[in-house]
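K.L.:
Sharing final12.cif, mmCIF, C-alpha atoms:
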data_input
#
loop_
_atom_site.label_atom_id
_atom_site.label_comp_id
_atom_site.auth_asym_id
_atom_site.auth_seq_id
_atom_site.Cartn_x
_atom_site.Cartn_y
_atom_site.Cartn_z
CA MET A 214 -65.78 45.34 -34.50
CA LYS A 215 -65.62 41.60 -34.02
CA LEU A 216 -62.33 40.03 -33.00
CA TYR A 217 -61.54 36.44 -33.82
CA LEU A 218 -59.33 35.10 -31.03
CA TYR A 219 -56.64 32.51 -31.82
CA GLY A 220 -54.91 32.37 -28.47
CA ILE A 221 -53.41 34.17 -25.51
CA ILE A 222 -49.67 34.70 -25.84
CA ASP A 223 -46.88 35.40 -23.35
CA SER A 224 -45.92 38.73 -24.87
CA SER A 225 -47.28 42.23 -24.95
CA GLY A 226 -45.11 43.06 -27.96
CA GLN A 227 -45.86 43.02 -31.65
CA ILE A 228 -46.19 39.80 -33.60
CA LYS A 229 -43.22 40.05 -35.93
CA GLN A 230 -44.24 37.30 -38.36
CA SER A 231 -46.72 38.27 -41.04
CA ILE A 232 -49.63 35.99 -40.25
CA TYR A 233 -52.91 36.20 -42.08
CA GLY A 234 -55.98 34.97 -40.29
CA LEU A 235 -59.54 34.09 -41.23
CA GLU A 236 -60.97 36.28 -44.03
CA GLY A 237 -57.34 37.16 -44.90
CA ALA A 238 -57.04 39.79 -42.18
CA GLY A 239 -53.70 40.28 -40.43
CA VAL A 240 -53.19 38.69 -37.04
CA TYR A 241 -52.04 41.15 -34.39
CA ASN A 242 -51.54 41.30 -30.64
CA ILE A 243 -53.75 43.21 -28.23
CA PRO A 244 -51.53 43.61 -25.15
CA PHE A 245 -52.65 43.42 -21.55
CA CYS A 246 -49.93 43.86 -18.92
CA ASP A 247 -47.16 41.45 -19.96
CA ILE A 248 -49.37 39.12 -22.04
CA GLY A 249 -51.51 39.57 -25.14
CA ALA A 250 -54.37 38.23 -27.23
CA ALA A 251 -53.61 37.20 -30.82
CA VAL A 252 -56.59 38.27 -32.89
CA SER A 253 -57.73 39.25 -36.34
CA GLU A 254 -60.71 41.35 -37.28
CA ILE A 255 -63.65 39.67 -38.94
CA CYS A 256 -66.94 40.90 -40.34
CA ARG A 257 -69.04 38.00 -39.11
CA PRO A 258 -68.29 34.83 -37.18
CA PRO A 259 -67.69 31.74 -39.35
CA GLN A 260 -71.07 30.10 -39.82
CA ASP A 261 -69.96 26.68 -40.88
CA ILE A 262 -67.39 24.37 -39.43
CA THR A 263 -65.42 23.45 -42.51
CA GLU A 264 -62.25 21.41 -42.61
CA ASP A 265 -60.42 24.29 -44.30
CA ALA A 266 -61.44 26.80 -41.64
CA VAL A 267 -60.44 24.48 -38.79
CA LEU A 268 -57.07 23.78 -40.42
CA GLU A 269 -56.52 27.48 -41.03
CA HIS A 270 -57.22 28.25 -37.36
CA GLU A 271 -54.86 25.46 -36.34
CA SER A 272 -52.09 26.60 -38.66
CA ILE A 273 -52.26 30.15 -37.28
CA VAL A 274 -51.97 28.88 -33.70
CA GLU A 275 -48.97 26.79 -34.77
CA LYS A 276 -47.29 29.80 -36.37
CA LEU A 277 -47.78 31.71 -33.13
CA MET A 278 -46.29 28.77 -31.22
CA ALA A 279 -43.01 29.23 -33.09
CA ASP A 280 -42.42 32.51 -31.23
CA PHE A 281 -44.58 32.42 -28.12
CA THR A 282 -46.12 30.24 -25.44
CA VAL A 283 -49.70 30.07 -26.66
CA LEU A 284 -52.85 29.23 -24.76
CA PRO A 285 -54.95 28.11 -27.71
CA VAL A 286 -58.64 28.90 -27.67
CA ARG A 287 -61.35 26.92 -29.37
CA PHE A 288 -62.17 27.32 -33.00
CA GLN A 289 -64.82 30.01 -33.60
CA THR A 290 -64.08 32.09 -30.51
CA VAL A 291 -65.26 35.57 -31.41
CA ILE A 292 -65.30 38.54 -29.04
CA GLU A 293 -67.36 41.64 -29.61
CA GLY A 294 -64.92 44.56 -29.51
CA ARG A 295 -61.63 45.42 -27.87
CA ASP A 296 -63.17 46.49 -24.55
CA ASN A 297 -64.78 43.12 -23.98
CA LEU A 298 -61.54 41.38 -24.86
CA LEU A 299 -59.56 43.50 -22.41
CA SER A 300 -62.14 42.91 -19.67
CA MET A 301 -61.83 39.19 -20.22
CA MET A 302 -58.00 39.43 -20.12
CA ARG A 303 -58.21 41.41 -16.91
CA SER A 304 -60.54 38.91 -15.28
CA TYR A 305 -58.46 35.90 -16.21
CA TYR A 306 -54.99 37.37 -16.10
CA LYS A 307 -53.81 35.24 -13.18
CA ASP A 308 -55.21 32.07 -14.72
CA PHE A 309 -53.56 32.84 -18.04
CA LYS A 310 -50.22 33.48 -16.37
CA ASP A 311 -50.41 30.24 -14.36
CA ASN A 312 -51.22 28.26 -17.50
CA MET A 313 -48.43 29.89 -19.47
CA GLU A 314 -45.94 28.96 -16.82
CA ARG A 315 -47.22 25.37 -16.77
CA LEU A 316 -47.39 24.96 -20.54
CA HIS A 317 -44.20 26.83 -21.46
CA ASN A 318 -42.09 24.79 -23.89
CA LYS A 319 -44.60 21.96 -24.03
CA PHE A 320 -46.66 20.31 -26.76
CA GLU A 321 -49.64 18.06 -26.78
CA PHE A 322 -49.63 14.65 -28.47
CA GLY A 323 -52.67 12.52 -29.15
CA ILE A 324 -52.66 8.72 -29.12
CA LYS A 325 -55.59 6.53 -30.04
CA VAL A 326 -55.50 2.74 -29.97
CA ILE A 327 -57.99 0.30 -31.47
CA TRP A 328 -57.92 -3.27 -30.20
CA PRO A 329 -59.63 -6.34 -31.67
CA ALA A 330 -62.61 -6.18 -29.27
CA ASP A 331 -64.53 -9.05 -30.89
CA LYS A 332 -61.60 -11.42 -30.66
CA ILE A 333 -60.88 -10.42 -27.09
CA LYS A 334 -64.51 -10.97 -26.09
CA GLU A 335 -64.52 -14.32 -27.85
CA ASN A 336 -61.49 -15.42 -25.83
CA ILE A 337 -63.10 -14.22 -22.61
CA ILE A 338 -66.28 -16.19 -23.37
CA LYS A 339 -64.22 -19.30 -24.09
CA ALA A 340 -62.32 -18.93 -20.83
CA LEU A 341 -65.48 -18.29 -18.82
CA LYS A 342 -67.17 -21.38 -20.26
CA LYS A 343 -64.56 -23.47 -18.48
CA GLU A 344 -65.41 -21.82 -15.17
CA LYS A 345 -68.14 -23.07 -12.86
CA LYS A 346 -71.46 -21.57 -13.90
CA LEU A 347 -74.04 -20.03 -11.64
CA ASP A 348 -76.15 -22.96 -10.60
CA LEU A 349 -79.71 -21.70 -10.77
CA ASP A 350 -82.93 -23.50 -11.61
CA SER A 351 -85.28 -22.34 -14.33
CA SER A 352 -87.63 -19.93 -12.56
CA SER A 353 -87.96 -16.69 -14.53
CA GLY A 354 -86.22 -14.44 -11.98
CA LYS A 355 -83.27 -16.77 -11.68
CA ARG A 356 -83.01 -17.28 -15.43
CA PHE A 357 -82.92 -13.52 -15.88
CA MET A 358 -80.20 -13.18 -13.25
CA LYS A 359 -78.18 -15.97 -14.84
CA GLU A 360 -78.21 -14.27 -18.24
CA LYS A 361 -77.33 -10.91 -16.73
CA PHE A 362 -74.61 -12.40 -14.59
CA GLU A 363 -72.94 -14.05 -17.56
CA LYS A 364 -72.93 -10.75 -19.40
CA TYR A 365 -71.65 -8.98 -16.28
CA LYS A 366 -68.73 -11.40 -16.01
CA ILE A 367 -67.80 -10.90 -19.67
CA ASP A 368 -67.96 -7.10 -19.33
CA LYS A 369 -65.98 -7.17 -16.12
CA GLU A 370 -63.24 -9.28 -17.68
CA PHE A 371 -63.27 -7.10 -20.82
CA GLU A 372 -62.75 -3.96 -18.73
CA ALA A 373 -60.03 -5.63 -16.68
CA LYS A 374 -58.16 -6.58 -19.86
CA ALA A 375 -58.51 -3.01 -21.16
CA ASP A 376 -57.14 -1.64 -17.89
CA LYS A 377 -54.21 -4.02 -18.06
CA PHE A 378 -53.23 -2.96 -21.58
CA ILE A 379 -53.67 0.72 -20.84
CA ILE A 380 -51.54 0.56 -17.70
CA VAL A 381 -48.70 -1.08 -19.63
CA MET A 382 -48.88 1.40 -22.53
CA ASP A 383 -49.16 4.33 -20.18
CA ILE A 384 -45.96 3.34 -18.37
CA PHE A 385 -44.03 3.96 -21.60
CA PHE A 386 -45.82 7.19 -22.56
CA SER A 387 -45.88 8.72 -19.09
CA LYS A 388 -42.12 8.36 -18.77
CA PHE A 389 -41.72 11.31 -21.15
CA ALA A 390 -44.90 13.25 -20.42
CA VAL A 391 -45.63 15.74 -17.69
CA GLU A 392 -49.42 15.50 -17.79
CA LYS A 393 -51.96 13.22 -19.42
CA LYS A 394 -55.66 12.67 -19.98
CA ASN A 395 -56.81 9.15 -20.78
CA LYS A 396 -60.17 7.87 -21.86
CA LYS A 397 -60.71 4.13 -21.80
CA LEU A 398 -63.10 2.31 -24.17
CA LYS A 399 -64.97 5.28 -25.65
CA THR A 400 -66.33 2.58 -27.90
CA GLU A 401 -65.76 -1.17 -27.56
CA ASN A 402 -63.01 -1.02 -30.18
CA LEU A 403 -61.42 2.27 -29.18
CA LEU A 404 -59.32 0.98 -26.31
CA LEU A 405 -57.50 4.21 -25.59
CA ASP A 406 -58.02 7.85 -26.48
CA ALA A 407 -55.32 9.83 -24.75
CA VAL A 408 -53.54 13.15 -24.84
CA TYR A 409 -50.12 13.71 -23.33
CA LEU A 410 -48.34 16.94 -22.51
CA VAL A 411 -44.70 16.61 -23.47
CA GLU A 412 -41.75 18.96 -23.04
CA LYS A 413 -40.35 20.08 -26.39
CA ASP A 414 -36.99 18.42 -25.78
CA LYS A 415 -38.67 15.09 -24.95
CA GLU A 416 -40.55 14.91 -28.24
CA ARG A 417 -38.15 12.39 -29.74
CA ASN A 418 -38.21 10.15 -26.67
CA PHE A 419 -41.98 10.24 -26.66
CA ARG A 420 -42.15 9.23 -30.31
CA GLU A 421 -39.71 6.39 -29.64
CA ALA A 422 -41.86 5.21 -26.73
CA PHE A 423 -44.84 5.18 -29.06
CA GLU A 424 -42.95 3.17 -31.68
CA HIS A 425 -41.90 0.71 -28.99
CA VAL A 426 -45.50 0.19 -27.83
CA LYS A 427 -46.65 -0.10 -31.43
CA SER A 428 -44.12 -2.79 -32.27
CA SER A 429 -44.85 -4.76 -29.11
CA ARG A 430 -48.57 -5.10 -30.00
CA PRO A 431 -48.72 -5.17 -33.81
CA ASP A 432 -52.24 -6.62 -33.71
CA PHE A 433 -53.57 -3.31 -32.35
CA LYS A 434 -54.11 -0.23 -34.53
CA TYR A 435 -52.61 3.11 -33.64
CA LEU A 436 -53.10 6.77 -34.40
CA PHE A 437 -50.41 9.20 -33.36
CA SER A 438 -50.87 12.95 -33.77
CA GLY A 439 -48.97 16.05 -32.80
CA PRO A 440 -47.30 18.18 -31.82
CA TRP A 441 -50.46 20.18 -31.10
CA PRO A 442 -50.89 23.33 -29.08
CA ALA A 443 -51.93 22.26 -25.58
CA TYR A 444 -55.68 22.46 -26.24
CA ASN A 445 -56.58 19.87 -23.64
CA PHE A 446 -54.37 21.17 -20.86
CA VAL A 447 -55.46 24.77 -20.43
CA VAL A 448 -57.18 24.91 -17.07
CA LEU A 449 -59.27 27.90 -16.06
CA SER A 450 -60.17 28.20 -12.42
CA LYS A 451 -62.86 30.74 -13.40
CA LYS A 452 -61.64 33.10 -10.71
CA PRO A 453 -60.94 36.67 -11.77
CA GLY A 454 -57.32 37.63 -11.32
CA LEU A 455 -55.17 40.72 -10.90
CA PHE A 456 -58.04 43.07 -10.08
CA ARG A 457 -61.11 42.09 -8.09
CA ASP A 458 -64.08 42.88 -10.22
CA SER A 459 -67.10 40.69 -9.68
CA GLU A 460 -68.93 42.08 -12.69
CA GLN A 461 -66.15 40.84 -14.91
CA ALA A 462 -65.74 37.48 -13.26
CA ASP A 463 -68.15 35.70 -15.57
CA LEU A 464 -67.34 37.60 -18.70
CA LEU A 465 -65.42 34.77 -20.28
CA ASP A 466 -68.38 32.51 -19.61
CA LYS A 467 -70.66 35.03 -21.24
CA VAL A 468 -68.38 35.36 -24.23
CA ILE A 469 -68.17 31.61 -24.54
CA LYS A 470 -71.92 31.11 -24.20
CA ASP A 471 -72.53 33.60 -27.00
CA GLN A 472 -70.50 31.55 -29.42
CA ILE A 473 -70.74 28.25 -31.13
CA LEU A 474 -67.89 26.23 -29.76
CA VAL A 475 -66.23 23.16 -31.10
CA GLY A 476 -64.74 20.69 -28.63
CA ALA A 477 -61.01 20.96 -28.74
CA ASP A 478 -60.65 17.30 -27.94
CA SER A 479 -62.34 16.52 -31.24
CA ILE A 480 -59.04 17.31 -32.96
CA MET B 124 -51.69 23.90 -44.32
CA ILE B 125 -50.65 22.57 -40.91
CA THR B 126 -46.96 23.26 -40.39
CA ASN B 127 -45.31 20.62 -38.17
CA THR B 128 -48.18 18.59 -36.90
CA ILE B 129 -48.53 15.07 -38.15
CA VAL B 130 -51.34 12.56 -37.93
CA GLU B 131 -49.98 9.06 -38.44
CA THR B 132 -52.04 5.93 -38.78
CA GLU B 133 -52.24 2.90 -41.01
CA SER B 134 -56.00 2.59 -40.50
CA PRO B 135 -57.57 6.05 -40.96
CA GLU B 136 -61.03 4.72 -41.91
CA GLU B 137 -61.29 2.61 -38.79
CA PHE B 138 -60.36 5.53 -36.55
CA ILE B 139 -62.84 7.81 -38.29
CA GLU B 140 -65.55 5.19 -37.79
CA GLU B 141 -64.80 4.74 -34.08
CA ILE B 142 -64.58 8.50 -33.42
CA GLU B 143 -67.90 9.01 -35.20
CA LYS B 144 -69.42 6.17 -33.20
CA ALA B 145 -68.23 7.76 -29.95
CA GLN B 146 -69.64 11.15 -30.98
CA ASP B 147 -72.93 9.77 -32.27
CA CYS B 148 -73.92 8.68 -28.77
CA LEU B 149 -74.87 12.24 -28.01
CA PRO B 150 -76.91 14.73 -30.00
CA LYS B 151 -74.94 17.71 -31.37
CA LYS B 152 -77.79 20.08 -30.57
CA ILE B 153 -80.54 20.16 -27.98
CA ASP B 154 -83.83 19.69 -29.76
CA ALA B 155 -85.84 22.37 -27.95
CA ASN B 156 -88.88 22.19 -30.14
CA PRO B 157 -92.38 22.74 -28.66
CA LYS B 158 -93.62 19.75 -30.66
CA THR B 159 -91.02 17.44 -29.16
CA VAL B 160 -90.96 18.81 -25.62
CA GLU B 161 -92.83 15.76 -24.31
CA LYS B 162 -90.31 13.41 -25.85
CA GLY B 163 -87.45 15.55 -24.53
CA LEU B 164 -88.81 15.42 -21.02
CA ALA B 165 -89.44 11.69 -21.28
CA LYS B 166 -85.87 11.23 -22.49
CA LEU B 167 -84.50 13.08 -19.47
CA VAL B 168 -86.67 11.18 -16.99
CA LEU B 169 -86.01 7.81 -18.61
CA THR B 170 -82.27 8.51 -18.68
CA LEU B 171 -82.29 9.02 -14.93
CA ILE B 172 -84.42 5.91 -14.34
CA GLU B 173 -82.13 3.92 -16.62
CA LEU B 174 -79.11 5.10 -14.64
CA ILE B 175 -80.70 3.98 -11.37
CA ARG B 176 -81.78 0.68 -12.95
CA LYS B 177 -78.26 0.00 -14.20
CA LEU B 178 -76.78 0.84 -10.80
CA LEU B 179 -79.22 -1.55 -9.10
CA GLU B 180 -78.42 -4.25 -11.62
CA LYS B 181 -74.67 -3.80 -11.21
CA GLN B 182 -74.96 -3.89 -7.44
CA ALA B 183 -77.01 -7.08 -7.66
CA MET B 184 -74.41 -8.68 -9.96
CA ARG B 185 -71.62 -7.73 -7.57
CA ARG B 186 -73.49 -9.39 -4.74
CA VAL B 187 -74.12 -12.52 -6.80
CA ASP B 188 -70.42 -12.55 -7.70
CA ALA B 189 -69.48 -12.22 -4.04
CA GLY B 190 -71.92 -15.02 -3.15
CA SER B 191 -73.77 -12.85 -0.65
CA LEU B 192 -77.31 -13.48 -1.97
CA SER B 193 -79.39 -16.52 -1.12
CA GLU B 194 -81.29 -18.45 -3.82
CA GLU B 195 -84.49 -16.83 -2.62
CA GLU B 196 -83.01 -13.35 -2.76
CA ILE B 197 -81.64 -13.98 -6.27
CA GLU B 198 -85.12 -15.03 -7.41
CA LYS B 199 -86.70 -11.90 -5.87
CA VAL B 200 -84.10 -9.49 -7.24
CA GLY B 201 -84.20 -11.19 -10.65
CA GLU B 202 -87.97 -10.88 -10.84
CA THR B 203 -87.83 -7.19 -9.87
CA LEU B 204 -85.06 -6.31 -12.31
CA MET B 205 -86.78 -8.20 -15.10
CA LYS B 206 -90.06 -6.32 -14.56
CA LEU B 207 -88.21 -3.01 -14.39
CA GLU B 208 -86.39 -3.78 -17.65
CA ASN B 209 -89.64 -4.77 -19.38
CA LYS B 210 -91.33 -1.58 -18.18
CA MET B 211 -88.42 0.49 -19.44
CA ASP B 212 -88.64 -1.21 -22.85
CA GLU B 213 -92.35 -0.36 -23.02
CA LEU B 214 -91.73 3.30 -22.13
CA LYS B 215 -88.88 3.56 -24.64
CA GLU B 216 -91.17 2.22 -27.33
CA ILE B 217 -93.99 4.63 -26.40
CA PHE B 218 -91.67 7.64 -26.68
CA GLY B 219 -89.71 6.29 -29.64
CA LEU B 220 -86.40 6.28 -27.82
CA LYS B 221 -83.42 4.03 -28.45
CA ASP B 222 -81.02 2.73 -25.78
CA GLU B 223 -78.15 4.88 -27.05
CA GLU B 224 -80.30 8.02 -26.72
CA LEU B 225 -80.64 7.56 -22.98
CA ASN B 226 -77.49 9.38 -21.97
CA LEU B 227 -76.41 12.81 -20.80
CA ASN B 228 -73.22 14.70 -21.46
CA LEU B 229 -71.92 16.02 -18.16
CA GLY B 230 -69.30 18.25 -19.78
CA PRO B 231 -65.84 17.74 -18.31
CA LEU B 232 -67.10 14.76 -16.28
CA GLY B 233 -67.88 12.87 -19.47
CA ASP B 234 -71.07 10.98 -20.24
CA LEU B 235 -73.51 9.86 -17.59
CA MET B 236 -73.46 6.24 -18.81
#
Please lay out the structure from this file as structure tokens.
P.N.:
Amino acid sequence: MKLYLYGIIDSSGQIKQSIYGLEGAGVYNIPFCDIGAAVSEICRPPQDITEDAVLEHESIVEKLMADFTVLPVRFQTVIEGRDNLLSMMRSYYKDFKDNMERLHNKFEFGIKVIWPADKIKENIIKALKKEKKLDLDSSSGKRFMKEKFEKYKIDKEFEAKADKFIIVMDIFFSKFAVEKKNKKLKTENLLLDAVYLVEKDKERNFREAFEHVKSSRPDFKYLFSGPWPAYNFVVLSKKPGLFRDSEQADLLDKVIKDQILVGADSI
Amino acid sequence: MITNTIVETESPEEFIEEIEKAQDCLPKKIDANPKTVEKGLAKLVLTLIELIRKLLEKQAMRRVDAGSLSEEEIEKVGETLMKLENKMDELKEIFGLKDEELNLNLGPLGDLM
């Protein structure tokens, strides 16, 4: 029997809501100590990553979030049988408990910002033209260095400007977030790709902070998403917990390696 | 289908384009094909050489910026870096590799370059 895993929840009791999972099977809880794994039975793992399947997975995790603290797992996490699932729960019990405590009553929000990279570079080039240039004669080595140095100066200035904007934006967002993960300039245009962990009662403040940043730089483009389950903030130390059992220590790794996984940060 | 989650943007196409661009830097699957093993190995080796080349270049630029290289040293370093870059271009052409292919995903650490 294959079990499709949606998340680890902070309850060993029954799931009272009627939730239907992938292939229309009912979602139920497999308890382990005081926590549980929300699963449904499936005949075969989903072969294709379709938008509908991803959204279905996401909507089930969100329904679970209404009643429990959920440690969401990646789309297409399938475990072969109840025994393997329980072994994994046993190995990672302590990790799961630590994460639940950390993520209790918290959501994840995603913020992406596009800036006008071409225009910013153009301005940098204009400003650098006024500066004193590297005074090198025309031998090939020096010419090469001169070209590279000019590019280096532009890139350096471009990065410095990106850092400056990100620091300012982050001041507003971080005020209402407990944890964050930022990626700067994933592409030249994508200035910021960030996720913030926000307490449920700070959701409104966080949204207001976003609106404030948005209105202060209307020439940038913004994408705001959430609240999401805390996909990007579940941290596994990969140490088995509760019971020492070295054979089980790498079981989660094994389970994960056997599956096709989709990066949670692609959401 | 999603219950409370919202995705708000006035420029969805632009975000899709940038996200795709960021993802396209890396292959979705490892091409472990016996016919392409030579290219795969070349890609790995060239990626590492490219990393070292870029580090050398950056270090040289920092020193030029700080004014700690003499004219003679700049000429020597420039000549070396230029030859190294030309050699890399030749090797990339031989193995049919593009600049954006010379990268490695280091998992949680991000991309190598």
K.L.:
Given the file shown, enumerate the residues that the PyMOL selection byres ((chain B) within 6 of (chain A)) captures and present them as a PyMOL selection string.
P.N.:
chain B and resi 125+128-132+145+184+198+201-202
K.L.:
Evaluate the PyMOL selection byres ((chain A and resi 393) around 7) here and jot the selected residues down as number ranges by chain.
P.N.:
A: 392, 394-395, 408-410
K.L.:
Using only C-alpha atoms, please write the residues we just selected to a file, as a PDB file, in the coordinates of the input.
P.N.:
ATOM      1  CA  GLU A 392     -49.420  15.500 -17.790  1.00  0.00           C
ATOM      2  CA  LYS A 394     -55.660  12.670 -19.980  1.00  0.00           C
ATOM      3  CA  ASN A 395     -56.810   9.150 -20.780  1.00  0.00           C
ATOM      4  CA  VAL A 408     -53.540  13.150 -24.840  1.00  0.00           C
ATOM      5  CA  TYR A 409     -50.120  13.710 -23.330  1.00  0.00           C
ATOM      6  CA  LEU A 410     -48.340  16.940 -22.510  1.00  0.00           C
TER       7      LEU A 410
END
K.L.:
Selection in question (the file shown): the PyMOL selection byres ((chain B and resi 161-168) around 12). Which residues does it include, as an mmCIF file with C-alpha atoms, in the frame of the given file?
P.N.:
data_model
loop_
_atom_site.group_PDB
_atom_site.id
_atom_site.type_symbol
_atom_site.label_atom_id
_atom_site.label_comp_id
_atom_site.auth_asym_id
_atom_site.auth_seq_id
_atom_site.Cartn_x
_atom_site.Cartn_y
_atom_site.Cartn_z
ATOM 1 C CA PRO B 150 -76.910 14.730 -30.000
ATOM 2 C CA ILE B 153 -80.540 20.160 -27.980
ATOM 3 C CA ASP B 154 -83.830 19.690 -29.760
ATOM 4 C CA ALA B 155 -85.840 22.370 -27.950
ATOM 5 C CA ASN B 156 -88.880 22.190 -30.140
ATOM 6 C CA PRO B 157 -92.380 22.740 -28.660
ATOM 7 C CA LYS B 158 -93.620 19.750 -30.660
ATOM 8 C CA THR B 159 -91.020 17.440 -29.160
ATOM 9 C CA VAL B 160 -90.960 18.810 -25.620
ATOM 10 C CA LEU B 169 -86.010 7.810 -18.610
ATOM 11 C CA THR B 170 -82.270 8.510 -18.680
ATOM 12 C CA LEU B 171 -82.290 9.020 -14.930
ATOM 13 C CA ILE B 172 -84.420 5.910 -14.340
ATOM 14 C CA GLU B 173 -82.130 3.920 -16.620
ATOM 15 C CA LEU B 174 -79.110 5.100 -14.640
ATOM 16 C CA ILE B 175 -80.700 3.980 -11.370
ATOM 17 C CA MET B 211 -88.420 0.490 -19.440
ATOM 18 C CA LEU B 214 -91.730 3.300 -22.130
ATOM 19 C CA LYS B 215 -88.880 3.560 -24.640
ATOM 20 C CA GLU B 216 -91.170 2.220 -27.330
ATOM 21 C CA ILE B 217 -93.990 4.630 -26.400
ATOM 22 C CA PHE B 218 -91.670 7.640 -26.680
ATOM 23 C CA GLY B 219 -89.710 6.290 -29.640
ATOM 24 C CA LEU B 220 -86.400 6.280 -27.820
ATOM 25 C CA LYS B 221 -83.420 4.030 -28.450
ATOM 26 C CA ASP B 222 -81.020 2.730 -25.780
ATOM 27 C CA GLU B 223 -78.150 4.880 -27.050
ATOM 28 C CA GLU B 224 -80.300 8.020 -26.720
ATOM 29 C CA LEU B 225 -80.640 7.560 -22.980
ATOM 30 C CA ASN B 226 -77.490 9.380 -21.970
ATOM 31 C CA LEU B 227 -76.410 12.810 -20.800
ATOM 32 C CA ASN B 228 -73.220 14.700 -21.460
ATOM 33 C CA LEU B 235 -73.510 9.860 -17.590
#
K.L.:
Work out how far atom CA of A:Thr290 is from atom CA of A:Asp308, in Å to one decimal.
P.N.:
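Result for atom CA of A:Asp308 versus atom CA of A:Thr290: 18.1 Å, one decimal.
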K.L.:
To one decimal place, how far is atom CA of A:Tyr305 from atom CA of A:Leu449 in Å?
P.N.:
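So the answer is 8.0 Å.
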